[in-house]
2 protein chains.
Amino acid sequence: MLYIVGLGLGGDRGVTVRGLDAVRRCARVYMEARTALLTLGIDGDPSSRLARLEMLYGNEVTVAGREIVEEESGDQILREATGADIAFLVVGHPFGSDEPSSKTTHTDLVVRAKKLGIEVKVIDSASVLNAIGACGLELHRYGEAITIPFFTETCKRDHFYQAIVNNRWLGLHTLCLLDIYAKEPILSESLRRGNKVYEPPRFRTVNTAISQLLEVLEMRGEPEPAYDEDSLCIGLARLGSDDEKIVAGPMRKLVDVDFGAPPHCLVIVGETTTVEEEMLEFYMIRS
Amino acid sequence: MLYIVGLGLGGDRGVTVRGLDAVRRCARVYMEARTALLTLGIDGDPSSRLARLEMLYGNEVTVAGREIVEEESGDQILREATGADIAFLVVGHPFGSDEPSSKTTHTDLVVRAKKLGIEVKVIDSASVLNAIGACGLELHRYGEAITIPFFTETCKRDHFYQAIVNNRWLGLHTLCLLDIYAKEPILSESLRRGNKVYEPPRFRTVNTAISQLLEVLEMRGEPEPAYDEDSLCIGLARLGSDDEKIVAGPMRKLVDVDFGAPPHCLVIVGETTTVEEEMLEFYMIRS
């Protein structure tokens with residue numbers, strides 16, 4: 001049996017009681033690399049945090065590289081799950097954390113397991129898709145969610161723009177997921193050296209996301225843009241943690257707010273109801 | 001402090017470790033009536049299930065009527081939370097379970113608390129909005145979620161139809177939430193007797209939802225309807241439970257499938273990717 005266990009948000013205690021039961025009785029427990037990054041952190045002492053997490057989970061935890069999950073050569077987890085109970089830990093919800101831009105997802109892992117006749121049990125937990133409710137906008141009034149990728153000097157893909165146009169036209173809110181790259185292999189270096197060389201992990205902030213959204217407007221020069229620097233947005237950081245931060249305001253003001261440590265996300269506000277407006281008031285930037 | 005604690009899905013063990021910590025240290029614990037209905041059930045012996053839940057939660061749990069939460073006269077929870085730590089338990093995610101059709105929501109409770117200067121802590125858990133990922137469709141490819149209300153002989157509101165049109169036009173999936181009415185007061189009886197008289201709880205099934213969707217088509221007689229009886233849908237029951245049931249197929253076949261006990265929900269499938277199609281194959285109706 002393969003258990004894919006959502007760890008929820010805000011650290012190791014976002015796992016459910018049902019998830020904890022499963023993790024405790026599994027023969028082996030893997031944690032996705034991206035999850036390790038978000039759960040154990042990159043600064044300070046990740047190994048002491050791992051020890052604390054292993055204490056809570058009552059089991060040894062092996063951090064799995066991205067290649068273990070995704071590649072043909074790394075069918076290790078699936079091989080083990082044919083003969084034993086194996087847990088695979090992922091931050092947020094097992095499906096909620098699938099990155100829209102990623103070809104290979106946890107759904108793909110489920111498909112591969114099922115094709116091998118392995119029983120799969122997904123254990124739900126919170127993810128940004130429902131925790132975003134904290135800002136006060138009604139969850140069913142969000143349109144398609146988008147991912148804002150990292151812009152580079154040579155690559156500024158703005159394929160997400162049309163979804164914002166659609167959502168705004170329908171009066172819906174837009175959740176902008178901000179990419180986290182964990183252990184992306186550097187292609188040129190990997191080819192040269194013959195084994196994989198990884199980039200350091202990178203996080204996207206609310207500030208760079210807004211800068212890029214405004215840059216897209218300049219690039220496109222639309223006569224009737226879907227948003228502008230006065231559009232009301234909400235920046236959210238560390239959702240579900242004790243130190244979560246939520247600030248609402250026009251893009252031109254939010255771009256300068258310090259949201260602190262990752263992860264971040266951004267909401268472009270659509271049409272609002274009275275209750276939504278009352279909630280937003282608590283988070284509105286005053287300066 | 002007012003803790004609004006999401007219990008997640010699939011019974012009492014859907015609560016997170018963080019949520020459990022909060023519930024255990026609170027002076028008083030309330031459970032929403034609708035949550036009690038879904039967590040404790042309506043048949044068999046709810047009181048023995050409540051006793052088991054109180055054992056796990058290490059605290060006495062008071063089932064709160066809808067009026068305690070919503071009405072001016074029932075500010076009891078908020079009054080208590082000014083001087084002590086109070087937990088309010090809700091099924092799913094504290095905001096994810098807000099009913100789109102309901103004027104008064106948990107967001108409203110948060111607004112009222114904050115206006116009284118009460119600190120509020122929302123503890124996330126899974127909800128149908130991310131657990132729906134189990135069917136294999138990518139979560140960010142859902143458009144606006146709709147609620148299909150109960151039709152009566154005299155009232156057949158089809159205000160949700162336009163959202164399906166929009167989602168289909170954009171190639172997005174549509175999540176149809178199926179109303180659960182718990183302790184709705186019967187207006188005429190309540191007025192006559194001078195105190196509130198409640199209807200028995202009612203659940204909507206996948207089958208009646210599809211029947212109503214097809215009835216809407218007949219009523220409207222659109223030349224190019226947003227869907228028809230051959231449209232691919234997915235029926236889901238008891239998401240997150242050990243006995244969850246997922247079946248995919250055209251409306252005309254799904255309408256006859258027995259999904260068993262509530263809660264149910266329905267997805268109208270939009271454009272699909274290869275991985276999505278592979279996952280749907282596992283759930284496709286064969287007959």
# chains A, B, ... in the order shown; residues from 1 in each chain; ligands from 1
call {"tool": "residues_around", "arguments": {"residues": "Ala131 of chain B", "least_positions_apart": "3", "cutoff": "12 Å", "atoms": "only C-alpha atoms", "output": "number ranges by chain"}}
result
A: 6, 92-97, 122-127, 129-130; B: 8-10, 14, 92-93, 96, 125-128, 134-139, 175, 236-241, 244, 246, 265
call {"tool": "residues_around", "arguments": {"residues": "Val165 of chain A", "least_positions_apart": "6", "cutoff": "9 Å", "atoms": "only C-alpha atoms", "output": "list of chain:residue names"}}
result
A:Pro225, A:Ala226, A:Tyr227
call {"tool": "write_last_selection", "arguments": {"atoms": "C-alpha atoms", "output": "PDB file, in the first residue's frame"}}
result
ATOM      1  CA  PRO A 225      -5.595  45.935 -19.446  1.00  0.00           C
ATOM      2  CA  ALA A 226      -7.100  43.324 -17.061  1.00  0.00           C
ATOM      3  CA  TYR A 227      -5.546  45.168 -14.094  1.00  0.00           C
TER       4      TYR A 227
END
call {"tool": "atom_distance", "arguments": {"atom1": "atom CA of Leu232 of chain B", "atom2": "atom CA of Gln162 of chain A"}}
result
25.6 Å
call {"tool": "closest_residue", "arguments": {"among": "B:Glu153, B:Asp179, B:Asp21, B:Glu222", "to": "chain A", "atoms": "only C-alpha atoms"}}
result
B:Asp21
call {"tool": "atom_distance", "arguments": {"atom1": "atom CA of Cys233 of chain B", "atom2": "atom CA of Phe282 of chain B"}}
result
13.8 Å
